[in-house]
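Novice: As input, take query.cif (mmCIF, C-alpha atoms, pLDDT in the B column; chains and numbers go by the auth columns):
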```cif
data_data
#
loop_
_atom_site.group_PDB
_atom_site.id
_atom_site.type_symbol
_atom_site.label_atom_id
_atom_site.label_comp_id
_atom_site.label_asym_id
_atom_site.label_seq_id
_atom_site.Cartn_x
_atom_site.Cartn_y
_atom_site.Cartn_z
_atom_site.B_iso_or_equiv
_atom_site.auth_seq_id
_atom_site.auth_asym_id
ATOM 1 C CA MET A 1 -14.494 16.531 13.744 85.00 14 A
ATOM 2 C CA GLU A 2 -15.508 15.121 10.382 91.00 15 A
ATOM 3 C CA LYS A 3 -16.324 11.827 8.680 94.00 16 A
ATOM 4 C CA LYS A 4 -13.573 10.182 6.636 96.00 17 A
ATOM 5 C CA THR A 5 -14.130 7.191 4.364 98.00 18 A
ATOM 6 C CA PRO A 6 -10.929 5.192 3.751 98.00 19 A
ATOM 7 C CA LEU A 7 -9.972 3.762 0.399 98.00 20 A
ATOM 8 C CA ILE A 8 -9.817 -0.042 0.547 98.00 21 A
ATOM 9 C CA ALA A 9 -7.124 -1.978 -1.314 98.00 22 A
ATOM 10 C CA PRO A 10 -7.581 -5.762 -1.049 98.00 23 A
ATOM 11 C CA SER A 11 -4.220 -7.505 -1.340 97.00 24 A
ATOM 12 C CA LEU A 12 -4.079 -10.205 -3.998 96.00 25 A
ATOM 13 C CA LEU A 13 -1.278 -11.914 -2.073 94.00 26 A
ATOM 14 C CA ALA A 14 -3.972 -13.516 0.106 95.00 27 A
ATOM 15 C CA ALA A 15 -6.146 -14.661 -2.817 96.00 28 A
ATOM 16 C CA ASN A 16 -6.639 -18.213 -4.035 95.00 29 A
ATOM 17 C CA PHE A 17 -4.031 -18.447 -6.782 94.00 30 A
ATOM 18 C CA LEU A 18 -5.860 -21.364 -8.396 95.00 31 A
ATOM 19 C CA GLU A 19 -8.856 -19.077 -8.965 95.00 32 A
ATOM 20 C CA ILE A 20 -7.221 -15.679 -9.156 96.00 33 A
ATOM 21 C CA GLY A 21 -9.561 -14.521 -11.914 96.00 34 A
ATOM 22 C CA LYS A 22 -12.599 -15.151 -9.740 97.00 35 A
ATOM 23 C CA ASP A 23 -11.017 -13.218 -6.880 97.00 36 A
ATOM 24 C CA VAL A 24 -10.300 -10.248 -9.149 98.00 37 A
ATOM 25 C CA ASP A 25 -13.924 -10.367 -10.336 98.00 38 A
ATOM 26 C CA MET A 26 -15.045 -10.352 -6.690 98.00 39 A
ATOM 27 C CA ILE A 27 -12.964 -7.228 -6.029 98.00 40 A
ATOM 28 C CA ASN A 28 -14.292 -5.609 -9.212 98.00 41 A
ATOM 29 C CA ASN A 29 -17.844 -6.177 -7.992 98.00 42 A
ATOM 30 C CA SER A 30 -17.153 -4.904 -4.476 98.00 43 A
ATOM 31 C CA VAL A 31 -16.875 -1.355 -3.118 98.00 44 A
ATOM 32 C CA ALA A 32 -13.075 -1.704 -2.979 98.00 45 A
ATOM 33 C CA ASP A 33 -11.238 1.262 -4.479 98.00 46 A
ATOM 34 C CA TRP A 34 -7.827 -0.185 -5.295 98.00 47 A
ATOM 35 C CA LEU A 35 -6.269 -3.586 -5.982 98.00 48 A
ATOM 36 C CA HIS A 36 -2.997 -4.091 -4.076 98.00 49 A
ATOM 37 C CA LEU A 37 -0.304 -6.194 -5.763 98.00 50 A
ATOM 38 C CA ASP A 38 2.739 -7.247 -3.707 97.00 51 A
ATOM 39 C CA VAL A 39 5.912 -8.102 -5.615 97.00 52 A
ATOM 40 C CA MET A 40 8.617 -9.924 -3.592 96.00 53 A
ATOM 41 C CA ASP A 41 12.009 -11.023 -4.855 96.00 54 A
ATOM 42 C CA GLY A 42 13.338 -13.323 -2.109 94.00 55 A
ATOM 43 C CA ARG A 43 16.192 -10.846 -1.517 95.00 56 A
ATOM 44 C CA PHE A 44 14.732 -7.693 -0.035 96.00 57 A
ATOM 45 C CA VAL A 45 12.193 -9.835 1.813 94.00 58 A
ATOM 46 C CA PRO A 46 12.411 -13.559 2.658 90.00 59 A
ATOM 47 C CA ASN A 47 9.651 -14.598 0.277 92.00 60 A
ATOM 48 C CA ILE A 48 8.856 -14.714 -3.442 94.00 61 A
ATOM 49 C CA SER A 49 5.361 -13.811 -4.620 94.00 62 A
ATOM 50 C CA PHE A 50 4.388 -13.056 -8.215 94.00 63 A
ATOM 51 C CA GLY A 51 5.770 -10.796 -10.899 94.00 64 A
ATOM 52 C CA LEU A 52 5.167 -9.149 -14.227 97.00 65 A
ATOM 53 C CA PRO A 53 3.221 -11.895 -16.072 96.00 66 A
ATOM 54 C CA VAL A 54 0.638 -12.151 -13.296 96.00 67 A
ATOM 55 C CA ILE A 55 0.321 -8.375 -12.924 97.00 68 A
ATOM 56 C CA SER A 56 -0.055 -7.909 -16.686 98.00 69 A
ATOM 57 C CA ALA A 57 -2.876 -10.457 -16.733 97.00 70 A
ATOM 58 C CA VAL A 58 -4.602 -9.031 -13.660 98.00 71 A
ATOM 59 C CA THR A 59 -4.521 -5.388 -14.761 98.00 72 A
ATOM 60 C CA LYS A 60 -6.186 -6.303 -18.051 97.00 73 A
ATOM 61 C CA VAL A 61 -9.340 -7.307 -16.173 97.00 74 A
ATOM 62 C CA SER A 62 -9.058 -5.120 -13.073 98.00 75 A
ATOM 63 C CA LYS A 63 -11.560 -2.255 -12.846 98.00 76 A
ATOM 64 C CA LYS A 64 -9.813 -0.766 -9.832 98.00 77 A
ATOM 65 C CA VAL A 65 -6.703 1.363 -9.326 98.00 78 A
ATOM 66 C CA ASN A 66 -3.751 -1.015 -9.653 98.00 79 A
ATOM 67 C CA ASP A 67 -1.522 -0.397 -6.640 98.00 80 A
ATOM 68 C CA VAL A 68 1.822 -2.188 -7.098 98.00 81 A
ATOM 69 C CA HIS A 69 4.093 -2.503 -4.055 98.00 82 A
ATOM 70 C CA LEU A 70 7.672 -3.500 -4.901 98.00 83 A
ATOM 71 C CA MET A 71 9.445 -5.321 -2.085 97.00 84 A
ATOM 72 C CA ILE A 72 12.511 -5.835 -4.232 97.00 85 A
ATOM 73 C CA GLU A 73 16.125 -4.767 -4.576 97.00 86 A
ATOM 74 C CA GLU A 74 17.082 -2.362 -7.372 97.00 87 A
ATOM 75 C CA PRO A 75 13.500 -1.398 -8.297 98.00 88 A
ATOM 76 C CA GLU A 76 14.776 1.088 -10.876 97.00 89 A
ATOM 77 C CA LYS A 77 15.642 -1.831 -13.162 97.00 90 A
ATOM 78 C CA TYR A 78 11.992 -2.867 -13.401 98.00 91 A
ATOM 79 C CA ALA A 79 9.990 0.381 -13.191 98.00 92 A
ATOM 80 C CA GLU A 80 9.430 0.650 -16.941 98.00 93 A
ATOM 81 C CA ALA A 81 8.261 -2.964 -17.132 98.00 94 A
ATOM 82 C CA PHE A 82 5.728 -2.411 -14.344 98.00 95 A
ATOM 83 C CA ALA A 83 4.435 0.688 -16.096 98.00 96 A
ATOM 84 C CA LYS A 84 3.869 -1.390 -19.234 98.00 97 A
ATOM 85 C CA ALA A 85 2.237 -4.097 -17.088 98.00 98 A
ATOM 86 C CA GLY A 86 -0.464 -1.648 -15.995 98.00 99 A
ATOM 87 C CA ALA A 87 0.598 -0.263 -12.617 98.00 100 A
ATOM 88 C CA ASP A 88 -1.187 2.961 -11.670 98.00 101 A
ATOM 89 C CA TYR A 89 0.731 3.442 -8.418 98.00 102 A
ATOM 90 C CA LEU A 90 4.249 2.092 -8.035 98.00 103 A
ATOM 91 C CA THR A 91 5.681 2.035 -4.509 98.00 104 A
ATOM 92 C CA VAL A 92 9.327 1.371 -3.710 98.00 105 A
ATOM 93 C CA HIS A 93 10.939 0.835 -0.320 98.00 106 A
ATOM 94 C CA ILE A 94 13.080 3.604 1.064 98.00 107 A
ATOM 95 C CA GLU A 95 15.417 0.897 2.436 97.00 108 A
ATOM 96 C CA ALA A 96 16.006 -0.471 -1.083 97.00 109 A
ATOM 97 C CA CYS A 97 16.780 2.822 -2.824 97.00 110 A
ATOM 98 C CA ARG A 98 20.237 4.401 -2.720 95.00 111 A
ATOM 99 C CA HIS A 99 19.051 7.315 -4.880 97.00 112 A
ATOM 100 C CA LEU A 100 15.443 7.729 -3.828 97.00 113 A
ATOM 101 C CA HIS A 101 14.744 11.045 -5.536 97.00 114 A
ATOM 102 C CA ARG A 102 15.923 9.567 -8.834 98.00 115 A
ATOM 103 C CA ASN A 103 13.672 6.535 -8.284 98.00 116 A
ATOM 104 C CA ILE A 104 10.649 8.766 -7.693 98.00 117 A
ATOM 105 C CA GLN A 105 11.330 10.912 -10.747 98.00 118 A
ATOM 106 C CA GLN A 106 11.707 7.764 -12.854 98.00 119 A
ATOM 107 C CA ILE A 107 8.331 6.429 -11.721 98.00 120 A
ATOM 108 C CA LYS A 108 6.572 9.725 -12.415 98.00 121 A
ATOM 109 C CA GLY A 109 8.308 10.062 -15.761 98.00 122 A
ATOM 110 C CA LEU A 110 6.796 6.727 -16.754 98.00 123 A
ATOM 111 C CA GLY A 111 3.294 8.072 -16.079 98.00 124 A
ATOM 112 C CA MET A 112 2.638 6.365 -12.731 98.00 125 A
ATOM 113 C CA LYS A 113 1.923 7.745 -9.269 98.00 126 A
ATOM 114 C CA ALA A 114 4.949 7.358 -7.005 98.00 127 A
ATOM 115 C CA GLY A 115 4.944 5.905 -3.520 98.00 128 A
ATOM 116 C CA VAL A 116 7.556 5.215 -0.847 98.00 129 A
ATOM 117 C CA ALA A 117 7.198 2.448 1.742 98.00 130 A
ATOM 118 C CA LEU A 118 8.745 2.391 5.211 98.00 131 A
ATOM 119 C CA ASN A 119 9.473 -0.790 7.154 97.00 132 A
ATOM 120 C CA PRO A 120 8.493 -0.878 10.848 96.00 133 A
ATOM 121 C CA HIS A 121 11.980 0.111 12.050 95.00 134 A
ATOM 122 C CA THR A 122 12.431 3.029 9.626 97.00 135 A
ATOM 123 C CA SER A 123 11.981 6.546 10.971 97.00 136 A
ATOM 124 C CA VAL A 124 9.434 8.905 9.436 98.00 137 A
ATOM 125 C CA SER A 125 12.140 11.598 9.542 97.00 138 A
ATOM 126 C CA GLN A 126 13.739 9.975 6.485 97.00 139 A
ATOM 127 C CA LEU A 127 10.813 11.275 4.412 98.00 140 A
ATOM 128 C CA GLU A 128 11.561 14.939 5.214 96.00 141 A
ATOM 129 C CA ASN A 129 13.395 15.695 1.962 96.00 142 A
ATOM 130 C CA ILE A 130 11.141 13.703 -0.380 97.00 143 A
ATOM 131 C CA ILE A 131 7.600 14.027 1.011 98.00 144 A
ATOM 132 C CA THR A 132 6.492 16.834 -1.334 98.00 145 A
ATOM 133 C CA ASP A 133 7.457 14.710 -4.352 98.00 146 A
ATOM 134 C CA LEU A 134 5.337 11.747 -3.289 98.00 147 A
ATOM 135 C CA ASP A 135 1.815 10.692 -4.188 98.00 148 A
ATOM 136 C CA LEU A 136 1.741 7.962 -1.541 98.00 149 A
ATOM 137 C CA VAL A 137 3.446 6.990 1.709 98.00 150 A
ATOM 138 C CA LEU A 138 3.049 3.319 2.603 98.00 151 A
ATOM 139 C CA ILE A 139 3.556 2.493 6.269 98.00 152 A
ATOM 140 C CA MET A 140 4.274 -1.177 6.888 97.00 153 A
ATOM 141 C CA SER A 141 2.409 -2.253 10.021 96.00 154 A
ATOM 142 C CA VAL A 142 4.029 -5.708 9.907 94.00 155 A
ATOM 143 C CA ASN A 143 7.468 -6.872 8.830 90.00 156 A
ATOM 144 C CA PRO A 144 7.234 -7.285 5.056 82.00 157 A
ATOM 145 C CA GLY A 145 7.352 -10.656 3.365 71.00 158 A
ATOM 146 C CA PHE A 146 4.395 -12.678 4.615 68.00 159 A
ATOM 147 C CA GLY A 147 0.659 -12.188 5.042 67.00 160 A
ATOM 148 C CA GLY A 148 -1.359 -12.993 8.126 65.00 161 A
ATOM 149 C CA GLN A 149 0.832 -11.167 10.656 73.00 162 A
ATOM 150 C CA HIS A 150 -0.440 -9.149 13.612 89.00 163 A
ATOM 151 C CA PHE A 151 -0.577 -5.365 13.457 94.00 164 A
ATOM 152 C CA ILE A 152 2.355 -3.587 15.191 95.00 165 A
ATOM 153 C CA ASP A 153 0.887 -1.070 17.654 95.00 166 A
ATOM 154 C CA GLN A 154 3.762 1.393 17.216 96.00 167 A
ATOM 155 C CA THR A 155 2.227 2.064 13.800 97.00 168 A
ATOM 156 C CA TYR A 156 -0.377 4.389 15.326 97.00 169 A
ATOM 157 C CA ILE A 157 2.373 6.758 16.474 97.00 170 A
ATOM 158 C CA LYS A 158 4.057 6.556 13.079 98.00 171 A
ATOM 159 C CA LEU A 159 0.824 7.386 11.275 98.00 172 A
ATOM 160 C CA ARG A 160 0.381 10.530 13.317 97.00 173 A
ATOM 161 C CA GLN A 161 3.969 11.512 12.564 98.00 174 A
ATOM 162 C CA VAL A 162 3.414 11.096 8.814 98.00 175 A
ATOM 163 C CA ARG A 163 0.136 12.981 8.977 97.00 176 A
ATOM 164 C CA ASP A 164 1.863 15.857 10.787 97.00 177 A
ATOM 165 C CA LEU A 165 4.714 15.875 8.251 98.00 178 A
ATOM 166 C CA ILE A 166 2.269 16.022 5.337 98.00 179 A
ATOM 167 C CA ARG A 167 0.323 18.864 6.940 97.00 180 A
ATOM 168 C CA ARG A 168 3.490 20.797 7.788 97.00 181 A
ATOM 169 C CA THR A 169 4.988 20.518 4.289 98.00 182 A
ATOM 170 C CA GLY A 170 1.801 20.847 2.248 98.00 183 A
ATOM 171 C CA SER A 171 2.366 17.489 0.584 98.00 184 A
ATOM 172 C CA ASN A 172 -0.537 15.906 -1.283 98.00 185 A
ATOM 173 C CA ALA A 173 0.590 12.349 -0.497 98.00 186 A
ATOM 174 C CA LEU A 174 -1.955 9.791 0.643 98.00 187 A
ATOM 175 C CA ILE A 175 -1.099 7.609 3.638 98.00 188 A
ATOM 176 C CA GLU A 176 -1.488 3.860 3.092 98.00 189 A
ATOM 177 C CA VAL A 177 -1.155 1.143 5.747 98.00 190 A
ATOM 178 C CA ASP A 178 -0.296 -2.471 4.961 96.00 191 A
ATOM 179 C CA GLY A 179 -0.351 -5.392 7.390 93.00 192 A
ATOM 180 C CA GLY A 180 -2.718 -6.796 9.977 94.00 193 A
ATOM 181 C CA ILE A 181 -5.673 -4.598 9.031 96.00 194 A
ATOM 182 C CA THR A 182 -8.991 -6.017 10.276 96.00 195 A
ATOM 183 C CA THR A 183 -12.523 -4.807 10.855 96.00 196 A
ATOM 184 C CA GLN A 184 -11.552 -4.499 14.534 96.00 197 A
ATOM 185 C CA ASN A 185 -8.683 -2.015 14.083 97.00 198 A
ATOM 186 C CA ALA A 186 -9.568 -0.267 10.807 97.00 199 A
ATOM 187 C CA ALA A 187 -11.309 2.702 12.442 97.00 200 A
ATOM 188 C CA LEU A 188 -8.371 3.317 14.793 97.00 201 A
ATOM 189 C CA VAL A 189 -5.935 3.214 11.872 98.00 202 A
ATOM 190 C CA VAL A 190 -8.008 5.747 9.918 98.00 203 A
ATOM 191 C CA GLU A 191 -8.356 7.988 12.963 97.00 204 A
ATOM 192 C CA ALA A 192 -4.562 7.960 13.333 97.00 205 A
ATOM 193 C CA GLY A 193 -4.158 9.277 9.790 97.00 206 A
ATOM 194 C CA ALA A 194 -4.514 6.512 7.185 98.00 207 A
ATOM 195 C CA ASP A 195 -6.242 7.233 3.871 98.00 208 A
ATOM 196 C CA VAL A 196 -5.820 3.791 2.270 98.00 209 A
ATOM 197 C CA LEU A 197 -6.155 0.414 4.006 98.00 210 A
ATOM 198 C CA VAL A 198 -4.523 -2.669 2.500 98.00 211 A
ATOM 199 C CA ALA A 199 -6.348 -5.795 3.616 96.00 212 A
ATOM 200 C CA GLY A 200 -5.357 -9.317 2.632 94.00 213 A
ATOM 201 C CA SER A 201 -6.136 -12.139 5.042 93.00 214 A
ATOM 202 C CA SER A 202 -9.052 -10.306 6.660 95.00 215 A
ATOM 203 C CA VAL A 203 -10.775 -10.082 3.264 97.00 216 A
ATOM 204 C CA PHE A 204 -9.911 -13.361 1.585 96.00 217 A
ATOM 205 C CA ALA A 205 -10.276 -15.518 4.720 95.00 218 A
ATOM 206 C CA SER A 206 -13.710 -14.026 5.350 96.00 219 A
ATOM 207 C CA HIS A 207 -16.818 -16.101 4.682 96.00 220 A
ATOM 208 C CA ASP A 208 -18.165 -13.023 2.831 98.00 221 A
ATOM 209 C CA PRO A 209 -15.267 -10.977 1.372 98.00 222 A
ATOM 210 C CA VAL A 210 -17.577 -8.420 -0.268 98.00 223 A
ATOM 211 C CA ALA A 211 -19.283 -7.690 3.042 98.00 224 A
ATOM 212 C CA THR A 212 -15.906 -7.440 4.803 98.00 225 A
ATOM 213 C CA ILE A 213 -14.685 -4.910 2.243 98.00 226 A
ATOM 214 C CA ARG A 214 -17.879 -2.919 2.773 98.00 227 A
ATOM 215 C CA GLU A 215 -17.369 -2.979 6.543 98.00 228 A
ATOM 216 C CA LEU A 216 -13.739 -1.866 6.242 98.00 229 A
ATOM 217 C CA ARG A 217 -14.880 1.060 4.106 98.00 230 A
ATOM 218 C CA GLN A 218 -17.252 2.493 6.700 96.00 231 A
ATOM 219 C CA PRO A 219 -16.832 6.235 7.411 95.00 232 A
ATOM 220 C CA VAL A 220 -14.821 7.049 10.532 95.00 233 A
ATOM 221 C CA THR A 221 -15.138 10.167 12.695 92.00 234 A
ATOM 222 C CA VAL A 222 -11.736 11.822 12.823 91.00 235 A
ATOM 223 C CA THR A 223 -10.332 14.891 14.530 83.00 236 A
ATOM 224 C CA ILE A 224 -8.936 17.506 12.161 73.00 237 A
ATOM 225 C CA PRO A 225 -5.663 18.918 13.546 66.00 238 A
#
```
Here is the file; what I need is its structure written in the form of structure tokens.

Specialist:
Amino acid sequence: MEKKTPLIAPSLLAANFLEIGKDVDMINNSVADWLHLDVMDGRFVPNISFGLPVISAVTKVSKKVNDVHLMIEEPEKYAEAFAKAGADYLTVHIEACRHLHRNIQQIKGLGMKAGVALNPHTSVSQLENIITDLDLVLIMSVNPGFGGQHFIDQTYIKLRQVRDLIRRTGSNALIEVDGGITTQNAALVVEAGADVLVAGSSVFASHDPVATIRELRQPVTVTIP
């Protein structure tokens, strides 16, 4: 048994877009570790969020790790632009990549950390031949496209499967979880294997977002396999 403190990545998708600068300042002044930026194209997911101009502006003032999650088709066409826009981590969806190894090598070649995201229906077994090349595995705990959804309980099983795969292969990848994370389930998610918690609605709908971030970041007692 040991104590594990998760990294917290507030998701800007849930921020007040009329005062986005103030929300970034709030995150900068909190104990959050990363800033999560969701890019949606209306094709891979049924929603459109924000793109390169917003991310370029945000990363100029962000004091956190800029964690860009691409929910888009053909991400290879835009990887270089996101590198120039200030992404530190760039995550692509396994379901959107026909040549995933090439995508990962492209991202790393541009100086970013490379992540792969899995939708709720996608098997962890699809990571077998790429896991040692990854810096991050993002497990979607809701169907991607919209904030405010409820956490899918099957995710706990998936997290343990990813954790076991990482241990078995010697991969250094972090495990990130995105969707439905709250102060009520955060400890269970970390115990199941998560290293990074993405939190949108639970942070920005809180009456005290800074305090909520601090609560999400509390150490959790976990069992070491």

Novice: Just how far from CA of Ser154 in chain A is CA of Val78 in chain A, in Å to one decimal?

Specialist: 21.7 Å

Novice: Decode the PyMOL selection byres ((chain A and resi 212) around 6) for the given file into explicit residues and return them as a list in words.

Specialist: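 Selected by the PyMOL selection byres ((chain A and resi 212) around 6) here: Pro23, Ser24, Ile194, Val211 and Gly213 of chain A.
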
Novice: Give as a list in words the residues that the PyMOL selection byres ((chain A and resi 118-123) around 9) matches when applied to the coordinates above.

Specialist: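 Evaluating the PyMOL selection byres ((chain A and resi 118-123) around 9) on this file yields Glu89, Ala92, Glu93, Ala96, Lys97, Tyr102, Leu103, Thr104, Leu113, His114, Arg115, Asn116, Ile117, Gly124, Met125, Lys126, Ala127, Gly128 and Asp146 of chain A.
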
Novice: Care to translate the PyMOL selection byres ((chain A and resi 129) around 12) into actual residues of this file, as a ChimeraX atom specification?

Specialist: /A:81-84,88,102-110,113-114,116-117,120,126-128,130-132,135,137,139-140,143-153,186-190

Novice: Please, what distance in Å, to one decimal, runs between CA of Arg230 in chain A and CA of Leu20 in chain A?

Specialist: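 Answer for the CA of Arg230 in chain A to CA of Leu20 in chain A separation: 6.7 Å.
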
Novice: Do a neighbour search on Val71 in chain A at 12 Å with only C-alpha atoms, toss out local chain neighbours closer than 3 positions, and write the hits as a PyMOL selection string.

Specialist: chain A and resi 25+30+32-38+40-41+48-50+63-68+74-81+98-100

Novice: Please, what distance in Å, to one decimal, runs between CA of Ile226 in chain A and CA of Ala200 in chain A?

Specialist: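 Atom-to-atom, CA of Ile226 in chain A to CA of Ala200 in chain A, that is 13.2 Å.
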
Novice: Within 8 Å of Gly206 in chain A, counting all atoms listed in the file, which residues show up once you throw out same-chain ones fewer than 5 positions away? Write them as JSON, numbers by chain, please.

Specialist: {"A": [172, 173, 175, 176, 188]}

Novice: I need the residue nearest Ile85 in chain A from this list: A:Ala28, A:Ala207, A:Val58, A:Ala218. Use all atoms listed in the file for the distance.

Specialist: A:Val58

Novice: Neighbouring residues of Val203 in chain A were defined as those with any atom within 8 Å, considering only C-alpha atoms; residues of the same chain fewer than 4 positions away were excluded. Please report them as a ChimeraX atom specification.

Specialist: /A:17,19,199,207-208,233,235

Novice: Hey, can you spit out that residue selection with C-alpha atoms as an mmCIF file, in the frame of the given file?

Specialist:
```
data_model
loop_
_atom_site.group_PDB
_atom_site.id
_atom_site.type_symbol
_atom_site.label_atom_id
_atom_site.label_comp_id
_atom_site.auth_asym_id
_atom_site.auth_seq_id
_atom_site.Cartn_x
_atom_site.Cartn_y
_atom_site.Cartn_z
ATOM 1 C CA LYS A 17 -13.573 10.182 6.636
ATOM 2 C CA PRO A 19 -10.929 5.192 3.751
ATOM 3 C CA ALA A 199 -9.568 -0.267 10.807
ATOM 4 C CA ALA A 207 -4.514 6.512 7.185
ATOM 5 C CA ASP A 208 -6.242 7.233 3.871
ATOM 6 C CA VAL A 233 -14.821 7.049 10.532
ATOM 7 C CA VAL A 235 -11.736 11.822 12.823
#
```

Novice: Starting from the structure just given, write a file holding range 214-221 of chain A with all heavy atoms, as a compact mmCIF listing (two decimals), in the first residue's frame.

Specialist:
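File written: out36.txt
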```txt
# COMPACT_ATOMS: atom_id res chain seq x y z
N SER A 214 -16.76 19.88 -15.80
CA SER A 214 -17.95 20.41 -15.13
C SER A 214 -17.79 20.44 -13.62
O SER A 214 -18.23 21.40 -12.96
CB SER A 214 -19.17 19.55 -15.49
OG SER A 214 -19.39 19.58 -16.89
N SER A 215 -17.16 19.42 -13.04
CA SER A 215 -17.04 19.38 -11.58
C SER A 215 -16.19 20.52 -11.05
O SER A 215 -16.38 20.96 -9.92
CB SER A 215 -16.46 18.03 -11.12
OG SER A 215 -15.15 17.84 -11.60
N VAL A 216 -15.27 21.03 -11.86
CA VAL A 216 -14.46 22.18 -11.45
C VAL A 216 -15.16 23.48 -11.74
O VAL A 216 -15.38 24.32 -10.85
CB VAL A 216 -13.08 22.15 -12.15
CG1 VAL A 216 -12.35 23.48 -11.98
CG2 VAL A 216 -12.23 21.01 -11.62
N PHE A 217 -15.57 23.69 -12.99
CA PHE A 217 -16.07 25.00 -13.39
C PHE A 217 -17.50 25.28 -12.94
O PHE A 217 -17.92 26.43 -12.90
CB PHE A 217 -15.93 25.16 -14.90
CG PHE A 217 -14.50 25.33 -15.33
CD1 PHE A 217 -13.78 24.27 -15.85
CD2 PHE A 217 -13.85 26.55 -15.19
CE1 PHE A 217 -12.46 24.41 -16.24
CE2 PHE A 217 -12.53 26.71 -15.56
CZ PHE A 217 -11.83 25.64 -16.09
N ALA A 218 -18.26 24.23 -12.59
CA ALA A 218 -19.60 24.44 -12.03
C ALA A 218 -19.57 24.56 -10.51
O ALA A 218 -20.60 24.82 -9.89
CB ALA A 218 -20.52 23.29 -12.43
N SER A 219 -18.39 24.40 -9.94
CA SER A 219 -18.25 24.49 -8.48
C SER A 219 -18.33 25.95 -8.01
O SER A 219 -17.91 26.86 -8.73
CB SER A 219 -16.90 23.89 -8.08
OG SER A 219 -16.59 24.18 -6.74
N HIS A 220 -18.83 26.15 -6.81
CA HIS A 220 -18.87 27.52 -6.27
C HIS A 220 -17.46 27.98 -5.90
O HIS A 220 -17.20 29.17 -5.75
CB HIS A 220 -19.79 27.59 -5.05
CG HIS A 220 -19.25 26.93 -3.83
ND1 HIS A 220 -19.31 25.56 -3.64
CD2 HIS A 220 -18.62 27.44 -2.73
CE1 HIS A 220 -18.74 25.25 -2.49
NE2 HIS A 220 -18.31 26.37 -1.92
N ASP A 221 -16.53 27.03 -5.74
CA ASP A 221 -15.13 27.34 -5.42
C ASP A 221 -14.23 26.40 -6.23
O ASP A 221 -13.78 25.38 -5.71
CB ASP A 221 -14.87 27.18 -3.92
CG ASP A 221 -13.51 27.71 -3.49
OD1 ASP A 221 -12.63 27.88 -4.37
OD2 ASP A 221 -13.31 27.93 -2.28
```
